[in-house]
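Asker: Okay, handing you the structure first.
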Amino acid sequence: MTRKLNMSRRDFLRISGIGSLAAGTTMIPGLGAVMAQDDQEVTIMFWDGPPLIGIREKALAPFDDAYPGCTLNFTSVPGGPNSGYNDKLFTSLAAGIPPDVFIIEIGLLPQFLADDLLLDLKSYVDADNYDLSNFPELAIEAYTHEGGIYGMPDNVASIAIFYNQDMFEEAGAMLPTAQWDDEGWTVDDFFSSCEKLTKREGNRTTQYACDVTGWDKVWQTWVRIFGGQLVDDPFYPTECTLNEPGAVEGLQFYADLRWEHGFAPRPEALAEMGTGALMQTGRLGMFYSGSWAFPNYRESDFSIALGHYPSGPGGRANYVYYYPLVVPKTTQVPECAWNLLKFFNGPAMETIIREGGLQGTSFAEQEKWFVTDPLPPANKHVMLDAARHFVAPDPVLTNFGEITQIMQAQIDLLMIGEERDAKVVCDEIVRQVNPLIKEGQWRTG
Amino acid sequence: MLNFLQISRFRVSYQRGEVVLAWAMVSPWLAGFLLLTAFPMVASLVISFFEWNLLSPPEFVGLAHYHKLFFSDPLPMHSLRITVIFSLASIPLNIVFGLAIAMLLNTNIRGLAVFRTIYYLPAILSGVAVAILWQWIFSSDFGLLNTALRIFGIEGPAWLGSKVWVLPAFVIMRLWSVGGGMVIYLAGLQAIPTDLYEAAEIDGANWWQRIFRITLPMLSPTIFFQLITGVIFSMQIFTETFIMTDGGPANASLFYLLYLYRQAFQNFKMGYASALAWVFFVAVLLLTLILFATARFWVYYEAESAEDN
């Protein structure tokens, strides 16, 4: 027999109201964690795409056991910063519900600091006597502002010259050095190797020596090799110095490798995805990349090795990525967030390096897992040494991303041969960028 | 028996019920329109007068963004210019090719349904997948296009790496979706009464005369519709350039919406991006109104013509 439930409209509204309140409160982020006093949920957000998908999550899985009372919630927006990750991050920040730990591009850090959004980790570093000397010094300096420390490295990723050792030996060309303080392997040696590596049949080039790419980290390195700089002082920039002699000379040298000397394939000869294919088919002697390219050369039928950039009037240089993991000031679980950062840079790093193929963060972990990896390419310590000695800080400006877009459009002209004179390009960059530098300054030296 | 008053009440209550039902039926769309279209539009207009990076509170700047857009930042006008050039090249080609294919498929040949499906198929594929596919087609060394050109002894350019060829590359690529318009032209062609052609044939009209005196005038409303949607569609080009060139080389494919996207979601200048969006909205609206104004000179509506008679 069924019992009839008599409910007045007022009862119905009352019950609905209580139900909605209960449902609403459980949806308020963080409140669930506060309510469950013993178990604080700490959320971390990455932008992992293939081949990293799942690796960092797996590496961080034991965190809950290592730090009882903290529960990890791992999220990822695949595809990198500009494929939806930044949109989600900024929206969550605007809504006041950001993840407790998240990765950002180094170029965005000044904006986050200027807006006072990040938690100062200094007290946690001091309380744990945490050794920061194990990370690239300039990276830590970039994360530092007015005595506070506002980030820990997500990954340190150096760029190296990948070269076909068999082709170099066959051509009798000098090999790129694997020793960071080698006095040899100069810009002249590099040029001489290019001459030997380049093979022509009539008007046709059948073998190229090197790659000339518009990749900003590579052309910026050539600027530094010749003694130039993007700005007068990366930590307190006041003007763009790209039109000074060293910078211009570096860019001219780099562009001439393609347009004047024909050592590098021109755009019409180089497919958009062609550098890798040229390398794999034995038609290119060397190119620039990071550890993410290793899997492509595990089964090559030639010996592949890593070398440093040549040294020039400005010494030897490189670019090293050092994107930070940061904690928002509004986090409800700062202790767990700090523990997560420590765990990430400690026990999780073995899996991240060995299975994810990343270079790693601390020097100790890189030495233990990255450098000792027996698979090709050879000389992986080149990347570790670059991280130790050649980190070049990005200019600390709130709008460096926008400045990069402007620089890149002009550099493109040089790379595609529309403009052959580097001075013209550099002057135009300086003209356009200097007003933006004024806009992007947010602290004074 | 119902008296007059009862019938009136019933009618009123029935009509009221219908009105309520009608509102209930349109309410999902209405709510969606108000919340997801009207409100963001009004909000973006307000935001365009503020400096706002999503991270810190908005700061009122008045008309500064509009001043920058027109007088100090060269890229909005540059990107608008190349978007218009692209549209001027792309829209007529899409109309001509769409119409030509529709006319070919408006005949009685075997396997017509298969051909129609084949031509329409590309129109339903996702923008990103198509962009990646075309990146391979345009690839200089191994791309399908340059390989085909090599057969004829022509050394193809670096389509996406050249300032000169990047825009033509996007125009060619847009022909890929010509099947979408083809279906509409086909429907328009099949709506043309056959007795017009029969009468013309009796009068001795040749093929060209039938095309220019019957087909095109009768199809002009369809062409007009395709022109309007084509203008809006081509001015909104984004996915292809975002995936394939990111505006390069040297901003040669920096279409307007890509520049707007950069300002909003890479530089996080929401106020400036909103101003860019409003200028774009007004520009496209004006263009559409101008096209509507020209319609009375060349678009033939059978119904209007019958009324005039």
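Quick note on naming: the chains in the structure tokens go A, B, ... in the order shown, residues restart at 1 in each chain, and ligands are numbered from 1 in order of appearance.
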Using only C-alpha atoms, which protein or nucleic acid residues come within 10 Å of Val320 of chain A? Drop anything in the same chain fewer than 3 positions from it, and give the result as a list in words.

Answerer: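 In the requested format, the answer is Pro136, Ala139, Asn155, Val156, Ala157, Ser158, Ile159, Ala160, Lys217, Gly290, Ala317, Tyr323, Met383, Leu384, Ala386, Ala387, Arg388, His389, Phe390, Val391, Ala392, Pro393 and Asp394 of chain A.
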
Asker: Which polymer residues have any atom within 9 Å of an atom of Pro221 of chain B, counting only C-alpha atoms, with same-chain residues fewer than 6 positions away left out, as a VMD selection string?

Answerer: chain B and resid 188 295 299 to 301

Asker: Dump as an NGL selection string the residues of chain B that approach chain A to within 9 Å, counting only C-alpha atoms.

Answerer: :B and (53-56 or 135-136 or 138-143 or 155-163 or 247-252 or 262-263 or 265-268)

Asker: Determine, counting only C-alpha atoms, which protein, DNA and RNA residues have an atom within 9 Å of an atom of Phe280 of chain B; residues of the same chain fewer than 5 positions away are not included. Present the result as a PyMOL selection string.

Answerer: chain B and resi 80+256-257+275+285

Asker: For Leu133 of chain B, which residue out of B:Met77, B:Met173, B:Val114, B:Met103 is the nearest one, using only C-alpha atoms?

Answerer: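 Distance minimum relative to Leu133 of chain B lands on B:Met173.
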
Asker: So, counting only C-alpha atoms, which residue among B:Trp176, B:Phe292, B:Tyr272, B:Phe170 is closest to Phe86 of chain B?

Answerer: B:Phe170

Asker: DSSP on the backbone, then: every residue of segment 219-443 of chain A marked alpha helix (DSSP H), written as a ChimeraX atom specification.

Answerer: /A:219-225,245-259,274-280,334-345,349-356,363-365,381-389,400-415,422-440

Asker: Write out, as a tab-separated table (two decimals), in the first residue's frame, the residues just selected, with C-alpha atoms.

Answerer:
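Just written: again18.tsv:
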```
chain	number	residue	atom	x	y	z
A	219	TRP	CA	68.39	33.97	-33.04
A	220	GLN	CA	68.60	35.56	-29.60
A	221	THR	CA	71.45	33.18	-28.79
A	222	TRP	CA	73.34	34.25	-31.93
A	223	VAL	CA	72.87	37.85	-30.81
A	224	ARG	CA	74.51	37.03	-27.47
A	225	ILE	CA	77.33	35.03	-29.08
A	245	PRO	CA	76.87	46.49	-33.29
A	246	GLY	CA	77.17	43.10	-31.56
A	247	ALA	CA	73.49	42.27	-31.94
A	248	VAL	CA	73.38	43.39	-35.56
A	249	GLU	CA	76.54	41.44	-36.38
A	250	GLY	CA	75.14	38.30	-34.76
A	251	LEU	CA	71.87	38.49	-36.65
A	252	GLN	CA	73.62	39.28	-39.91
A	253	PHE	CA	75.96	36.30	-39.47
A	254	TYR	CA	73.03	34.04	-38.70
A	255	ALA	CA	70.88	35.18	-41.65
A	256	ASP	CA	73.84	35.09	-44.04
A	257	LEU	CA	74.31	31.40	-43.34
A	258	ARG	CA	71.19	30.96	-45.44
A	259	TRP	CA	71.03	33.88	-47.84
A	274	GLY	CA	61.25	19.74	-43.25
A	275	THR	CA	64.14	20.23	-40.86
A	276	GLY	CA	63.52	16.91	-39.15
A	277	ALA	CA	62.99	15.15	-42.45
A	278	LEU	CA	66.19	16.63	-43.91
A	279	MET	CA	68.10	15.50	-40.84
A	280	GLN	CA	66.60	12.02	-40.87
A	334	PRO	CA	49.76	26.80	1.19
A	335	GLU	CA	51.49	24.07	3.21
A	336	CYS	CA	50.25	21.35	0.89
A	337	ALA	CA	51.17	23.47	-2.14
A	338	TRP	CA	54.74	23.87	-0.86
A	339	ASN	CA	54.94	20.15	-0.07
A	340	LEU	CA	53.78	19.44	-3.60
A	341	LEU	CA	56.50	21.67	-5.05
A	342	LYS	CA	59.11	19.84	-2.99
A	343	PHE	CA	57.74	16.46	-4.01
A	344	PHE	CA	57.69	17.52	-7.66
A	345	ASN	CA	61.33	18.57	-7.55
A	349	MET	CA	61.62	13.84	-10.88
A	350	GLU	CA	62.99	10.37	-11.68
A	351	THR	CA	59.78	9.32	-13.44
A	352	ILE	CA	59.43	12.71	-15.15
A	353	ILE	CA	62.96	12.52	-16.58
A	354	ARG	CA	63.14	8.81	-17.37
A	355	GLU	CA	59.64	8.28	-18.72
A	356	GLY	CA	58.70	11.80	-19.80
A	363	PHE	CA	71.21	19.64	-11.26
A	364	ALA	CA	71.47	16.58	-8.99
A	365	GLU	CA	68.44	14.91	-10.57
A	381	HIS	CA	75.69	16.57	-20.45
A	382	VAL	CA	75.87	19.44	-22.98
A	383	MET	CA	72.33	20.36	-21.93
A	384	LEU	CA	73.11	20.13	-18.24
A	385	ASP	CA	76.21	22.31	-18.71
A	386	ALA	CA	74.17	24.83	-20.68
A	387	ALA	CA	71.74	25.02	-17.77
A	388	ARG	CA	74.64	25.54	-15.36
A	389	HIS	CA	76.50	28.16	-17.35
A	400	PHE	CA	57.36	40.89	-23.03
A	401	GLY	CA	55.03	38.55	-24.91
A	402	GLU	CA	53.71	41.42	-26.99
A	403	ILE	CA	57.25	42.72	-27.55
A	404	THR	CA	58.30	39.28	-28.76
A	405	GLN	CA	55.49	39.28	-31.34
A	406	ILE	CA	56.73	42.60	-32.73
A	407	MET	CA	60.36	41.49	-32.80
A	408	GLN	CA	59.41	38.23	-34.44
A	409	ALA	CA	57.51	39.88	-37.30
A	410	GLN	CA	60.63	41.92	-38.17
A	411	ILE	CA	63.04	39.02	-37.72
A	412	ASP	CA	60.84	37.03	-40.13
A	413	LEU	CA	61.78	39.54	-42.84
A	414	LEU	CA	65.43	38.66	-42.34
A	415	MET	CA	64.79	34.93	-42.16
A	422	ALA	CA	70.09	43.10	-40.30
A	423	LYS	CA	70.68	46.75	-39.30
A	424	VAL	CA	67.48	47.85	-41.05
A	425	VAL	CA	65.49	45.17	-39.25
A	426	CYS	CA	67.09	45.91	-35.89
A	427	ASP	CA	66.51	49.66	-36.20
A	428	GLU	CA	62.85	49.04	-36.92
A	429	ILE	CA	62.55	46.70	-33.95
A	430	VAL	CA	64.07	49.29	-31.65
A	431	ARG	CA	61.75	51.98	-33.01
A	432	GLN	CA	58.66	49.86	-32.38
A	433	VAL	CA	59.72	48.21	-29.15
A	434	ASN	CA	61.10	51.11	-27.11
A	435	PRO	CA	57.70	52.70	-26.39
A	436	LEU	CA	56.41	49.29	-25.32
A	437	ILE	CA	59.34	48.83	-22.95
A	438	LYS	CA	58.26	52.02	-21.19
A	439	GLU	CA	54.73	50.58	-20.94
A	440	GLY	CA	55.96	47.26	-19.56
```

Asker: If we count only C-alpha atoms, what is near segment 209-213 of chain B at a cut-off of 12 Å, once residues fewer than 2 positions away on the same chain are taken out, given as a ChimeraX atom specification?

Answerer: /B:99-100,103,189,192,194,196-207,215-220,300

Asker: I need the residues from that last selection saved to file as a short mmCIF file (atom, residue, chain, number, x, y, z; two decimals), in the first residue's frame (with N, CA, C and O atoms), if you can.

Answerer:
```cif
data_model
loop_
_atom_site.label_atom_id
_atom_site.label_comp_id
_atom_site.auth_asym_id
_atom_site.auth_seq_id
_atom_site.Cartn_x
_atom_site.Cartn_y
_atom_site.Cartn_z
N LEU B 99 28.95 27.68 -57.86
CA LEU B 99 27.89 27.73 -58.87
C LEU B 99 28.20 26.77 -60.02
O LEU B 99 27.32 26.03 -60.49
N ALA B 100 29.45 26.77 -60.44
CA ALA B 100 29.84 25.90 -61.56
C ALA B 100 29.64 24.44 -61.20
O ALA B 100 29.08 23.67 -62.00
N MET B 103 25.96 23.61 -61.12
CA MET B 103 25.37 23.47 -62.46
C MET B 103 25.76 22.14 -63.09
O MET B 103 24.95 21.49 -63.76
N LEU B 189 18.89 26.15 -58.05
CA LEU B 189 18.76 25.77 -59.46
C LEU B 189 17.52 24.89 -59.67
O LEU B 189 16.83 25.03 -60.68
N ILE B 192 14.14 26.64 -60.04
CA ILE B 192 13.82 27.43 -61.25
C ILE B 192 12.84 26.62 -62.11
O ILE B 192 13.14 25.48 -62.47
N THR B 194 11.07 24.78 -64.94
CA THR B 194 11.63 24.28 -66.21
C THR B 194 10.92 24.90 -67.41
O THR B 194 11.50 24.97 -68.50
N LEU B 196 10.39 27.85 -68.02
CA LEU B 196 11.13 29.04 -68.49
C LEU B 196 12.16 28.63 -69.54
O LEU B 196 12.33 29.28 -70.58
N TYR B 197 12.88 27.54 -69.23
CA TYR B 197 13.90 27.05 -70.17
C TYR B 197 13.23 26.55 -71.45
O TYR B 197 13.74 26.77 -72.56
N GLU B 198 12.09 25.86 -71.28
CA GLU B 198 11.40 25.32 -72.45
C GLU B 198 10.95 26.46 -73.38
O GLU B 198 11.14 26.41 -74.60
N ALA B 199 10.41 27.49 -72.76
CA ALA B 199 9.96 28.65 -73.54
C ALA B 199 11.13 29.31 -74.25
O ALA B 199 11.04 29.70 -75.43
N ALA B 200 12.25 29.41 -73.52
CA ALA B 200 13.44 30.03 -74.11
C ALA B 200 13.95 29.21 -75.28
O ALA B 200 14.39 29.76 -76.31
N GLU B 201 13.94 27.89 -75.10
CA GLU B 201 14.41 27.02 -76.17
C GLU B 201 13.55 27.19 -77.43
O GLU B 201 14.06 27.25 -78.55
N ILE B 202 12.22 27.26 -77.19
CA ILE B 202 11.30 27.46 -78.33
C ILE B 202 11.61 28.78 -79.04
O ILE B 202 11.58 28.89 -80.26
N ASP B 203 11.97 29.78 -78.19
CA ASP B 203 12.31 31.09 -78.77
C ASP B 203 13.69 31.12 -79.40
O ASP B 203 14.14 32.15 -79.89
N GLY B 204 14.43 29.99 -79.31
CA GLY B 204 15.74 29.91 -79.95
C GLY B 204 16.90 30.42 -79.12
O GLY B 204 17.96 30.74 -79.67
N ALA B 205 16.73 30.51 -77.81
CA ALA B 205 17.82 31.00 -76.96
C ALA B 205 18.93 29.94 -76.87
O ALA B 205 18.62 28.75 -76.74
N ASN B 206 20.20 30.39 -76.97
CA ASN B 206 21.29 29.41 -76.83
C ASN B 206 21.66 29.25 -75.35
O ASN B 206 21.07 29.87 -74.47
N TRP B 207 22.69 28.41 -75.11
CA TRP B 207 23.06 28.06 -73.72
C TRP B 207 23.43 29.29 -72.90
O TRP B 207 22.97 29.47 -71.78
N THR B 215 18.93 31.60 -65.72
CA THR B 215 19.54 30.97 -64.54
C THR B 215 20.03 32.02 -63.53
O THR B 215 19.63 31.99 -62.36
N LEU B 216 20.89 32.92 -64.00
CA LEU B 216 21.48 33.87 -63.05
C LEU B 216 20.44 34.82 -62.43
O LEU B 216 20.44 35.01 -61.22
N PRO B 217 19.53 35.40 -63.23
CA PRO B 217 18.52 36.25 -62.57
C PRO B 217 17.66 35.48 -61.57
O PRO B 217 17.37 35.96 -60.49
N MET B 218 17.26 34.26 -61.95
CA MET B 218 16.41 33.49 -61.04
C MET B 218 17.19 33.04 -59.79
O MET B 218 16.62 32.81 -58.74
N LEU B 219 18.51 32.92 -59.99
CA LEU B 219 19.34 32.46 -58.87
C LEU B 219 19.89 33.62 -58.03
O LEU B 219 20.57 33.42 -57.04
N SER B 220 19.60 34.85 -58.48
CA SER B 220 20.25 36.01 -57.83
C SER B 220 19.95 36.10 -56.32
O SER B 220 20.85 36.49 -55.55
N TYR B 300 16.82 39.63 -58.21
CA TYR B 300 15.48 39.53 -58.76
C TYR B 300 14.63 38.59 -57.89
O TYR B 300 14.97 37.42 -57.71
#
```

Asker: With a distance cut-off of 12 Å and only C-alpha atoms, select the neighbouring residues of Phe74 of chain A, excluding the residue or stretch itself and same-chain residues fewer than 4 positions from it, and output the selection as a list in words.

Answerer: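 Listed by chain and then number, they are Glu41, Val42, Thr43, Ile44, Met45, Phe46, Trp47, Asp48, Ile53, Gly54, Ile55, Arg56, Glu57, Lys58, Ala59, Leu60, Ala61, Phe63, Asp64, Pro99, Asp100, Val101, Phe102 and Leu340 of chain A.
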